[in-house]
file my_file-v2.pdb (PDB, C-alpha atoms, pLDDT in the B column)
MODEL        1
ATOM      1  CA  MET A  21       0.000   0.000   0.000  1.00 74.00           C
ATOM      2  CA  SER A  22       1.242   3.459  -0.814  1.00 92.00           C
ATOM      3  CA  TRP A  23      -0.011   7.018  -0.569  1.00 96.00           C
ATOM      4  CA  HIS A  24      -0.703   9.049  -3.728  1.00 96.00           C
ATOM      5  CA  LYS A  25      -1.508  12.730  -3.873  1.00 97.00           C
ATOM      6  CA  ILE A  26      -4.762  13.261  -5.759  1.00 97.00           C
ATOM      7  CA  ALA A  27      -5.417  16.993  -5.332  1.00 96.00           C
ATOM      8  CA  GLU A  28      -4.325  20.167  -3.597  1.00 96.00           C
ATOM      9  CA  THR A  29      -7.807  20.851  -2.186  1.00 93.00           C
ATOM     10  CA  SER A  30     -11.296  19.366  -2.328  1.00 92.00           C
ATOM     11  CA  THR A  31     -12.389  22.177  -4.661  1.00 91.00           C
ATOM     12  CA  ASP A  32      -9.882  20.812  -7.192  1.00 93.00           C
ATOM     13  CA  LEU A  33     -11.755  17.480  -7.145  1.00 94.00           C
ATOM     14  CA  PHE A  34     -15.388  18.554  -6.988  1.00 94.00           C
ATOM     15  CA  ILE A  35     -15.418  21.319  -9.581  1.00 87.00           C
ATOM     16  CA  ASN A  36     -18.818  20.455 -11.085  1.00 85.00           C
ATOM     17  CA  GLY A  37     -20.755  20.320  -7.814  1.00 87.00           C
ATOM     18  CA  ASN A  38     -21.272  16.552  -8.031  1.00 92.00           C
ATOM     19  CA  PRO A  39     -20.285  14.861  -4.724  1.00 96.00           C
ATOM     20  CA  ILE A  40     -19.021  11.768  -6.594  1.00 98.00           C
ATOM     21  CA  VAL A  41     -16.132  11.990  -9.061  1.00 97.00           C
ATOM     22  CA  GLU A  42     -13.969   9.402 -10.754  1.00 97.00           C
ATOM     23  CA  ILE A  43     -10.211   9.875 -10.964  1.00 97.00           C
ATOM     24  CA  ASP A  44      -7.619   8.003 -12.977  1.00 96.00           C
ATOM     25  CA  LEU A  45      -4.484   6.962 -11.103  1.00 93.00           C
ATOM     26  CA  GLY A  46      -2.651   5.352 -13.990  1.00 89.00           C
ATOM     27  CA  GLU A  47      -3.746   1.722 -14.061  1.00 88.00           C
ATOM     28  CA  LYS A  48      -6.507   2.203 -11.484  1.00 94.00           C
ATOM     29  CA  LYS A  49      -9.657   4.297 -11.428  1.00 97.00           C
ATOM     30  CA  VAL A  50     -11.383   5.153  -8.152  1.00 98.00           C
ATOM     31  CA  CYS A  51     -14.382   7.158  -7.024  1.00 98.00           C
ATOM     32  CA  ILE A  52     -13.835  10.056  -4.667  1.00 98.00           C
ATOM     33  CA  ILE A  53     -16.856  11.088  -2.630  1.00 98.00           C
ATOM     34  CA  LYS A  54     -17.583  14.200  -0.613  1.00 97.00           C
ATOM     35  CA  TRP A  55     -20.073  13.669   2.191  1.00 96.00           C
ATOM     36  CA  LYS A  56     -20.600  16.693   4.412  1.00 93.00           C
ATOM     37  CA  ASP A  57     -17.026  17.744   5.326  1.00 90.00           C
ATOM     38  CA  GLU A  58     -15.442  14.331   4.747  1.00 95.00           C
ATOM     39  CA  ILE A  59     -13.802  12.855   1.683  1.00 97.00           C
ATOM     40  CA  LYS A  60     -14.102   9.107   1.065  1.00 98.00           C
ATOM     41  CA  ALA A  61     -12.912   6.792  -1.700  1.00 98.00           C
ATOM     42  CA  CYS A  62     -14.151   3.530  -3.178  1.00 98.00           C
ATOM     43  CA  ALA A  63     -13.754   1.239  -6.150  1.00 98.00           C
ATOM     44  CA  GLU A  64     -14.838   2.525  -9.518  1.00 98.00           C
ATOM     45  CA  LYS A  65     -17.308  -0.322 -10.153  1.00 98.00           C
ATOM     46  CA  CYS A  66     -20.041  -2.000  -8.146  1.00 98.00           C
ATOM     47  CA  PRO A  67     -18.989  -5.521  -7.044  1.00 97.00           C
ATOM     48  CA  HIS A  68     -22.372  -6.932  -8.087  1.00 96.00           C
ATOM     49  CA  ALA A  69     -22.759  -6.121 -11.775  1.00 96.00           C
ATOM     50  CA  GLY A  70     -19.905  -3.724 -12.554  1.00 97.00           C
ATOM     51  CA  ALA A  71     -21.898  -0.502 -12.855  1.00 98.00           C
ATOM     52  CA  LYS A  72     -19.856   2.691 -12.614  1.00 98.00           C
ATOM     53  CA  MET A  73     -20.307   4.086  -9.118  1.00 98.00           C
ATOM     54  CA  VAL A  74     -19.662   7.629 -10.365  1.00 98.00           C
ATOM     55  CA  ASP A  75     -23.104   7.402 -12.004  1.00 98.00           C
ATOM     56  CA  GLY A  76     -24.708   6.581  -8.649  1.00 98.00           C
ATOM     57  CA  TYR A  77     -25.691   8.904  -5.841  1.00 98.00           C
ATOM     58  CA  LEU A  78     -25.473   9.346  -2.069  1.00 98.00           C
ATOM     59  CA  ASP A  79     -28.478   8.562   0.106  1.00 98.00           C
ATOM     60  CA  ALA A  80     -29.526  10.566   3.168  1.00 97.00           C
ATOM     61  CA  LEU A  81     -27.145   8.556   5.397  1.00 97.00           C
ATOM     62  CA  GLY A  82     -24.099   9.047   3.171  1.00 97.00           C
ATOM     63  CA  ASN A  83     -24.135   5.574   1.615  1.00 98.00           C
ATOM     64  CA  ILE A  84     -23.158   5.346  -2.039  1.00 98.00           C
ATOM     65  CA  VAL A  85     -25.936   3.856  -4.165  1.00 98.00           C
ATOM     66  CA  CYS A  86     -25.227   1.836  -7.304  1.00 98.00           C
ATOM     67  CA  PRO A  87     -27.000   3.291 -10.341  1.00 98.00           C
ATOM     68  CA  LEU A  88     -27.950  -0.113 -11.758  1.00 97.00           C
ATOM     69  CA  HIS A  89     -29.677  -2.104  -9.003  1.00 96.00           C
ATOM     70  CA  LYS A  90     -29.702   0.515  -6.215  1.00 97.00           C
ATOM     71  CA  TYR A  91     -27.479  -1.522  -3.877  1.00 97.00           C
ATOM     72  CA  LYS A  92     -26.215   0.719  -1.068  1.00 97.00           C
ATOM     73  CA  PHE A  93     -22.699   0.608   0.382  1.00 98.00           C
ATOM     74  CA  ASN A  94     -21.290   2.118   3.569  1.00 98.00           C
ATOM     75  CA  LEU A  95     -18.244   4.207   2.653  1.00 97.00           C
ATOM     76  CA  GLU A  96     -16.386   3.458   5.893  1.00 95.00           C
ATOM     77  CA  LYS A  97     -16.179  -0.316   5.555  1.00 94.00           C
ATOM     78  CA  GLY A  98     -17.606  -0.995   2.084  1.00 97.00           C
ATOM     79  CA  ARG A  99     -20.357  -3.155   3.571  1.00 97.00           C
ATOM     80  CA  ASN A 100     -23.511  -3.581   1.521  1.00 97.00           C
ATOM     81  CA  VAL A 101     -26.246  -2.143   3.766  1.00 97.00           C
ATOM     82  CA  THR A 102     -29.217  -3.369   1.728  1.00 90.00           C
ATOM     83  CA  GLY A 103     -28.501  -7.000   2.577  1.00 90.00           C
ATOM     84  CA  GLU A 104     -27.247  -8.536  -0.652  1.00 92.00           C
ATOM     85  CA  GLY A 105     -23.877  -9.493   0.891  1.00 94.00           C
ATOM     86  CA  TYR A 106     -21.492  -7.627  -1.422  1.00 97.00           C
ATOM     87  CA  PHE A 107     -18.495  -5.566  -0.330  1.00 98.00           C
ATOM     88  CA  LEU A 108     -17.273  -2.478  -2.165  1.00 98.00           C
ATOM     89  CA  LYS A 109     -13.531  -1.837  -1.898  1.00 98.00           C
ATOM     90  CA  THR A 110     -12.841   1.360   0.038  1.00 98.00           C
ATOM     91  CA  TYR A 111      -9.617   3.332   0.348  1.00 98.00           C
ATOM     92  CA  LEU A 112      -8.176   5.517   3.075  1.00 97.00           C
ATOM     93  CA  ILE A 113      -8.049   9.246   2.395  1.00 98.00           C
ATOM     94  CA  GLU A 114      -5.934  11.774   4.277  1.00 97.00           C
ATOM     95  CA  GLN A 115      -6.294  15.525   4.063  1.00 95.00           C
ATOM     96  CA  ARG A 116      -2.843  16.918   4.793  1.00 96.00           C
ATOM     97  CA  ALA A 117      -1.461  20.437   4.829  1.00 96.00           C
ATOM     98  CA  ASP A 118      -0.060  19.982   1.323  1.00 97.00           C
ATOM     99  CA  GLY A 119      -3.022  18.201  -0.262  1.00 97.00           C
ATOM    100  CA  ILE A 120      -5.354  15.200  -0.357  1.00 97.00           C
ATOM    101  CA  TYR A 121      -3.880  11.693  -0.461  1.00 98.00           C
ATOM    102  CA  ILE A 122      -5.269   8.230  -1.125  1.00 98.00           C
ATOM    103  CA  ASN A 123      -3.774   4.975   0.130  1.00 96.00           C
ATOM    104  CA  LEU A 124      -3.860   2.259  -2.533  1.00 92.00           C
TER     105      LEU A 124
ENDMDL
END

call {"tool": "encode", "arguments": {"input": "my_file-v2.pdb", "output": "structure tokens"}}
result
Amino acid sequence: MSWHKIAETSTDLFINGNPIVEIDLGEKKVCIIKWKDEIKACAEKCPHAGAKMVDGYLDALGNIVCPLHKYKFNLEKGRNVTGEGYFLKTYLIEQRADGIYINL
């Protein structure tokens, strides 16, 4: 696992107002999510049917919702909260003085 700088500030990431963005880190794509004042990260695709999570949305509790079958995932642990038993890969994010980093 290693840390990678993804932005200077959160405004660099969320320029279009959408709280879910997809970034390309070379060979890997990930979703970066802004929920309230926190930044989270998860896999680019839903573990169920491979839908792009960037096309999903956040529910009232801050879970990311798959756009295809509406499966909901907790962004802390990646646990599927609607009971289907899937896990979405999540990544650690750190907001440091010199920028925002992701641990892959």

call {"tool": "resolve_selection", "arguments": {"input": "my_file-v2.pdb", "expression": "the PyMOL selection byres ((chain A and resi 89) around 9)", "output": "MDAnalysis selection string"}}
result
chainID A and resid 68:69 71 85:88 90:91

call {"tool": "resolve_selection", "arguments": {"input": "my_file-v2.pdb", "expression": "the PyMOL selection byres ((chain A and resi 94) around 10)", "output": "VMD selection string"}}
result
chain A and resid 62 81 to 85 92 to 93 95 to 102 107 to 108 110

call {"tool": "closest_residue", "arguments": {"input": "my_file-v2.pdb", "among": "A:Met21, A:Leu45, A:Ile35, A:Met73", "to": "A:Leu112", "atoms": "all atoms listed in the file"}}
result
A:Met21

call {"tool": "closest_residue", "arguments": {"input": "my_file-v2.pdb", "among": "A:Lys72, A:Lys65, A:Lys25, A:Lys48", "to": "A:Gln115", "atoms": "all atoms listed in the file"}}
result
A:Lys25

call {"tool": "atom_distance", "arguments": {"input": "my_file-v2.pdb", "atom1": "atom CA of A:Tyr121", "atom2": "atom CA of A:Ile59"}}
result
10.2 Å

call {"tool": "closest_residue", "arguments": {"input": "my_file-v2.pdb", "among": "A:Ile26, A:Leu78, A:Ile120, A:Cys66", "to": "A:Ile40", "atoms": "only C-alpha atoms"}}
result
A:Leu78

call {"tool": "closest_residue", "arguments": {"input": "my_file-v2.pdb", "among": "A:Ile113, A:Ala61, A:Ala27, A:Val41", "to": "A:Asp75", "atoms": "all atoms listed in the file"}}
result
A:Val41

call {"tool": "closest_residue", "arguments": {"input": "my_file-v2.pdb", "among": "A:Leu124, A:Thr29, A:Asp79, A:Glu114", "to": "A:Lys49", "atoms": "all atoms listed in the file"}}
result
A:Leu124

call {"tool": "atom_distance", "arguments": {"input": "my_file-v2.pdb", "atom1": "atom CA of A:Ser30", "atom2": "atom CA of A:Lys54"}}
result
8.3 Å

call {"tool": "decode", "arguments": {"input": "my_file-v2.pdb", "residues": "chain A", "atoms": "C-alpha atoms", "output": "PDB file, in the first residue's frame"}}
result
ATOM      1  CA  MET A  21       0.000   0.000   0.000  1.00  0.00           C
ATOM      2  CA  SER A  22       1.242   3.459  -0.814  1.00  0.00           C
ATOM      3  CA  TRP A  23      -0.011   7.018  -0.569  1.00  0.00           C
ATOM      4  CA  HIS A  24      -0.703   9.049  -3.728  1.00  0.00           C
ATOM      5  CA  LYS A  25      -1.508  12.730  -3.873  1.00  0.00           C
ATOM      6  CA  ILE A  26      -4.762  13.261  -5.759  1.00  0.00           C
ATOM      7  CA  ALA A  27      -5.417  16.993  -5.332  1.00  0.00           C
ATOM      8  CA  GLU A  28      -4.325  20.167  -3.597  1.00  0.00           C
ATOM      9  CA  THR A  29      -7.807  20.851  -2.186  1.00  0.00           C
ATOM     10  CA  SER A  30     -11.296  19.366  -2.328  1.00  0.00           C
ATOM     11  CA  THR A  31     -12.389  22.177  -4.661  1.00  0.00           C
ATOM     12  CA  ASP A  32      -9.882  20.812  -7.192  1.00  0.00           C
ATOM     13  CA  LEU A  33     -11.755  17.480  -7.145  1.00  0.00           C
ATOM     14  CA  PHE A  34     -15.388  18.554  -6.988  1.00  0.00           C
ATOM     15  CA  ILE A  35     -15.418  21.319  -9.581  1.00  0.00           C
ATOM     16  CA  ASN A  36     -18.818  20.455 -11.085  1.00  0.00           C
ATOM     17  CA  GLY A  37     -20.755  20.320  -7.814  1.00  0.00           C
ATOM     18  CA  ASN A  38     -21.272  16.552  -8.031  1.00  0.00           C
ATOM     19  CA  PRO A  39     -20.285  14.861  -4.724  1.00  0.00           C
ATOM     20  CA  ILE A  40     -19.021  11.768  -6.594  1.00  0.00           C
ATOM     21  CA  VAL A  41     -16.132  11.990  -9.061  1.00  0.00           C
ATOM     22  CA  GLU A  42     -13.969   9.402 -10.754  1.00  0.00           C
ATOM     23  CA  ILE A  43     -10.211   9.875 -10.964  1.00  0.00           C
ATOM     24  CA  ASP A  44      -7.619   8.003 -12.977  1.00  0.00           C
ATOM     25  CA  LEU A  45      -4.484   6.962 -11.103  1.00  0.00           C
ATOM     26  CA  GLY A  46      -2.651   5.352 -13.990  1.00  0.00           C
ATOM     27  CA  GLU A  47      -3.746   1.722 -14.061  1.00  0.00           C
ATOM     28  CA  LYS A  48      -6.507   2.203 -11.484  1.00  0.00           C
ATOM     29  CA  LYS A  49      -9.657   4.297 -11.428  1.00  0.00           C
ATOM     30  CA  VAL A  50     -11.383   5.153  -8.152  1.00  0.00           C
ATOM     31  CA  CYS A  51     -14.382   7.158  -7.024  1.00  0.00           C
ATOM     32  CA  ILE A  52     -13.835  10.056  -4.667  1.00  0.00           C
ATOM     33  CA  ILE A  53     -16.856  11.088  -2.630  1.00  0.00           C
ATOM     34  CA  LYS A  54     -17.583  14.200  -0.613  1.00  0.00           C
ATOM     35  CA  TRP A  55     -20.073  13.669   2.191  1.00  0.00           C
ATOM     36  CA  LYS A  56     -20.600  16.693   4.412  1.00  0.00           C
ATOM     37  CA  ASP A  57     -17.026  17.744   5.326  1.00  0.00           C
ATOM     38  CA  GLU A  58     -15.442  14.331   4.747  1.00  0.00           C
ATOM     39  CA  ILE A  59     -13.802  12.855   1.683  1.00  0.00           C
ATOM     40  CA  LYS A  60     -14.102   9.107   1.065  1.00  0.00           C
ATOM     41  CA  ALA A  61     -12.912   6.792  -1.700  1.00  0.00           C
ATOM     42  CA  CYS A  62     -14.151   3.530  -3.178  1.00  0.00           C
ATOM     43  CA  ALA A  63     -13.754   1.239  -6.150  1.00  0.00           C
ATOM     44  CA  GLU A  64     -14.838   2.525  -9.518  1.00  0.00           C
ATOM     45  CA  LYS A  65     -17.308  -0.322 -10.153  1.00  0.00           C
ATOM     46  CA  CYS A  66     -20.041  -2.000  -8.146  1.00  0.00           C
ATOM     47  CA  PRO A  67     -18.989  -5.521  -7.044  1.00  0.00           C
ATOM     48  CA  HIS A  68     -22.372  -6.932  -8.087  1.00  0.00           C
ATOM     49  CA  ALA A  69     -22.759  -6.121 -11.775  1.00  0.00           C
ATOM     50  CA  GLY A  70     -19.905  -3.724 -12.554  1.00  0.00           C
ATOM     51  CA  ALA A  71     -21.898  -0.502 -12.855  1.00  0.00           C
ATOM     52  CA  LYS A  72     -19.856   2.691 -12.614  1.00  0.00           C
ATOM     53  CA  MET A  73     -20.307   4.086  -9.118  1.00  0.00           C
ATOM     54  CA  VAL A  74     -19.662   7.629 -10.365  1.00  0.00           C
ATOM     55  CA  ASP A  75     -23.104   7.402 -12.004  1.00  0.00           C
ATOM     56  CA  GLY A  76     -24.708   6.581  -8.649  1.00  0.00           C
ATOM     57  CA  TYR A  77     -25.691   8.904  -5.841  1.00  0.00           C
ATOM     58  CA  LEU A  78     -25.473   9.346  -2.069  1.00  0.00           C
ATOM     59  CA  ASP A  79     -28.478   8.562   0.106  1.00  0.00           C
ATOM     60  CA  ALA A  80     -29.526  10.566   3.168  1.00  0.00           C
ATOM     61  CA  LEU A  81     -27.145   8.556   5.397  1.00  0.00           C
ATOM     62  CA  GLY A  82     -24.099   9.047   3.171  1.00  0.00           C
ATOM     63  CA  ASN A  83     -24.135   5.574   1.615  1.00  0.00           C
ATOM     64  CA  ILE A  84     -23.158   5.346  -2.039  1.00  0.00           C
ATOM     65  CA  VAL A  85     -25.936   3.856  -4.165  1.00  0.00           C
ATOM     66  CA  CYS A  86     -25.227   1.836  -7.304  1.00  0.00           C
ATOM     67  CA  PRO A  87     -27.000   3.291 -10.341  1.00  0.00           C
ATOM     68  CA  LEU A  88     -27.950  -0.113 -11.758  1.00  0.00           C
ATOM     69  CA  HIS A  89     -29.677  -2.104  -9.003  1.00  0.00           C
ATOM     70  CA  LYS A  90     -29.702   0.515  -6.215  1.00  0.00           C
ATOM     71  CA  TYR A  91     -27.479  -1.522  -3.877  1.00  0.00           C
ATOM     72  CA  LYS A  92     -26.215   0.719  -1.068  1.00  0.00           C
ATOM     73  CA  PHE A  93     -22.699   0.608   0.382  1.00  0.00           C
ATOM     74  CA  ASN A  94     -21.290   2.118   3.569  1.00  0.00           C
ATOM     75  CA  LEU A  95     -18.244   4.207   2.653  1.00  0.00           C
ATOM     76  CA  GLU A  96     -16.386   3.458   5.893  1.00  0.00           C
ATOM     77  CA  LYS A  97     -16.179  -0.316   5.555  1.00  0.00           C
ATOM     78  CA  GLY A  98     -17.606  -0.995   2.084  1.00  0.00           C
ATOM     79  CA  ARG A  99     -20.357  -3.155   3.571  1.00  0.00           C
ATOM     80  CA  ASN A 100     -23.511  -3.581   1.521  1.00  0.00           C
ATOM     81  CA  VAL A 101     -26.246  -2.143   3.766  1.00  0.00           C
ATOM     82  CA  THR A 102     -29.217  -3.369   1.728  1.00  0.00           C
ATOM     83  CA  GLY A 103     -28.501  -7.000   2.577  1.00  0.00           C
ATOM     84  CA  GLU A 104     -27.247  -8.536  -0.652  1.00  0.00           C
ATOM     85  CA  GLY A 105     -23.877  -9.493   0.891  1.00  0.00           C
ATOM     86  CA  TYR A 106     -21.492  -7.627  -1.422  1.00  0.00           C
ATOM     87  CA  PHE A 107     -18.495  -5.566  -0.330  1.00  0.00           C
ATOM     88  CA  LEU A 108     -17.273  -2.478  -2.165  1.00  0.00           C
ATOM     89  CA  LYS A 109     -13.531  -1.837  -1.898  1.00  0.00           C
ATOM     90  CA  THR A 110     -12.841   1.360   0.038  1.00  0.00           C
ATOM     91  CA  TYR A 111      -9.617   3.332   0.348  1.00  0.00           C
ATOM     92  CA  LEU A 112      -8.176   5.517   3.075  1.00  0.00           C
ATOM     93  CA  ILE A 113      -8.049   9.246   2.395  1.00  0.00           C
ATOM     94  CA  GLU A 114      -5.934  11.774   4.277  1.00  0.00           C
ATOM     95  CA  GLN A 115      -6.294  15.525   4.063  1.00  0.00           C
ATOM     96  CA  ARG A 116      -2.843  16.918   4.793  1.00  0.00           C
ATOM     97  CA  ALA A 117      -1.461  20.437   4.829  1.00  0.00           C
ATOM     98  CA  ASP A 118      -0.060  19.982   1.323  1.00  0.00           C
ATOM     99  CA  GLY A 119      -3.022  18.201  -0.262  1.00  0.00           C
ATOM    100  CA  ILE A 120      -5.354  15.200  -0.357  1.00  0.00           C
ATOM    101  CA  TYR A 121      -3.880  11.693  -0.461  1.00  0.00           C
ATOM    102  CA  ILE A 122      -5.269   8.230  -1.125  1.00  0.00           C
ATOM    103  CA  ASN A 123      -3.774   4.975   0.130  1.00  0.00           C
ATOM    104  CA  LEU A 124      -3.860   2.259  -2.533  1.00  0.00           C
TER     105      LEU A 124
END
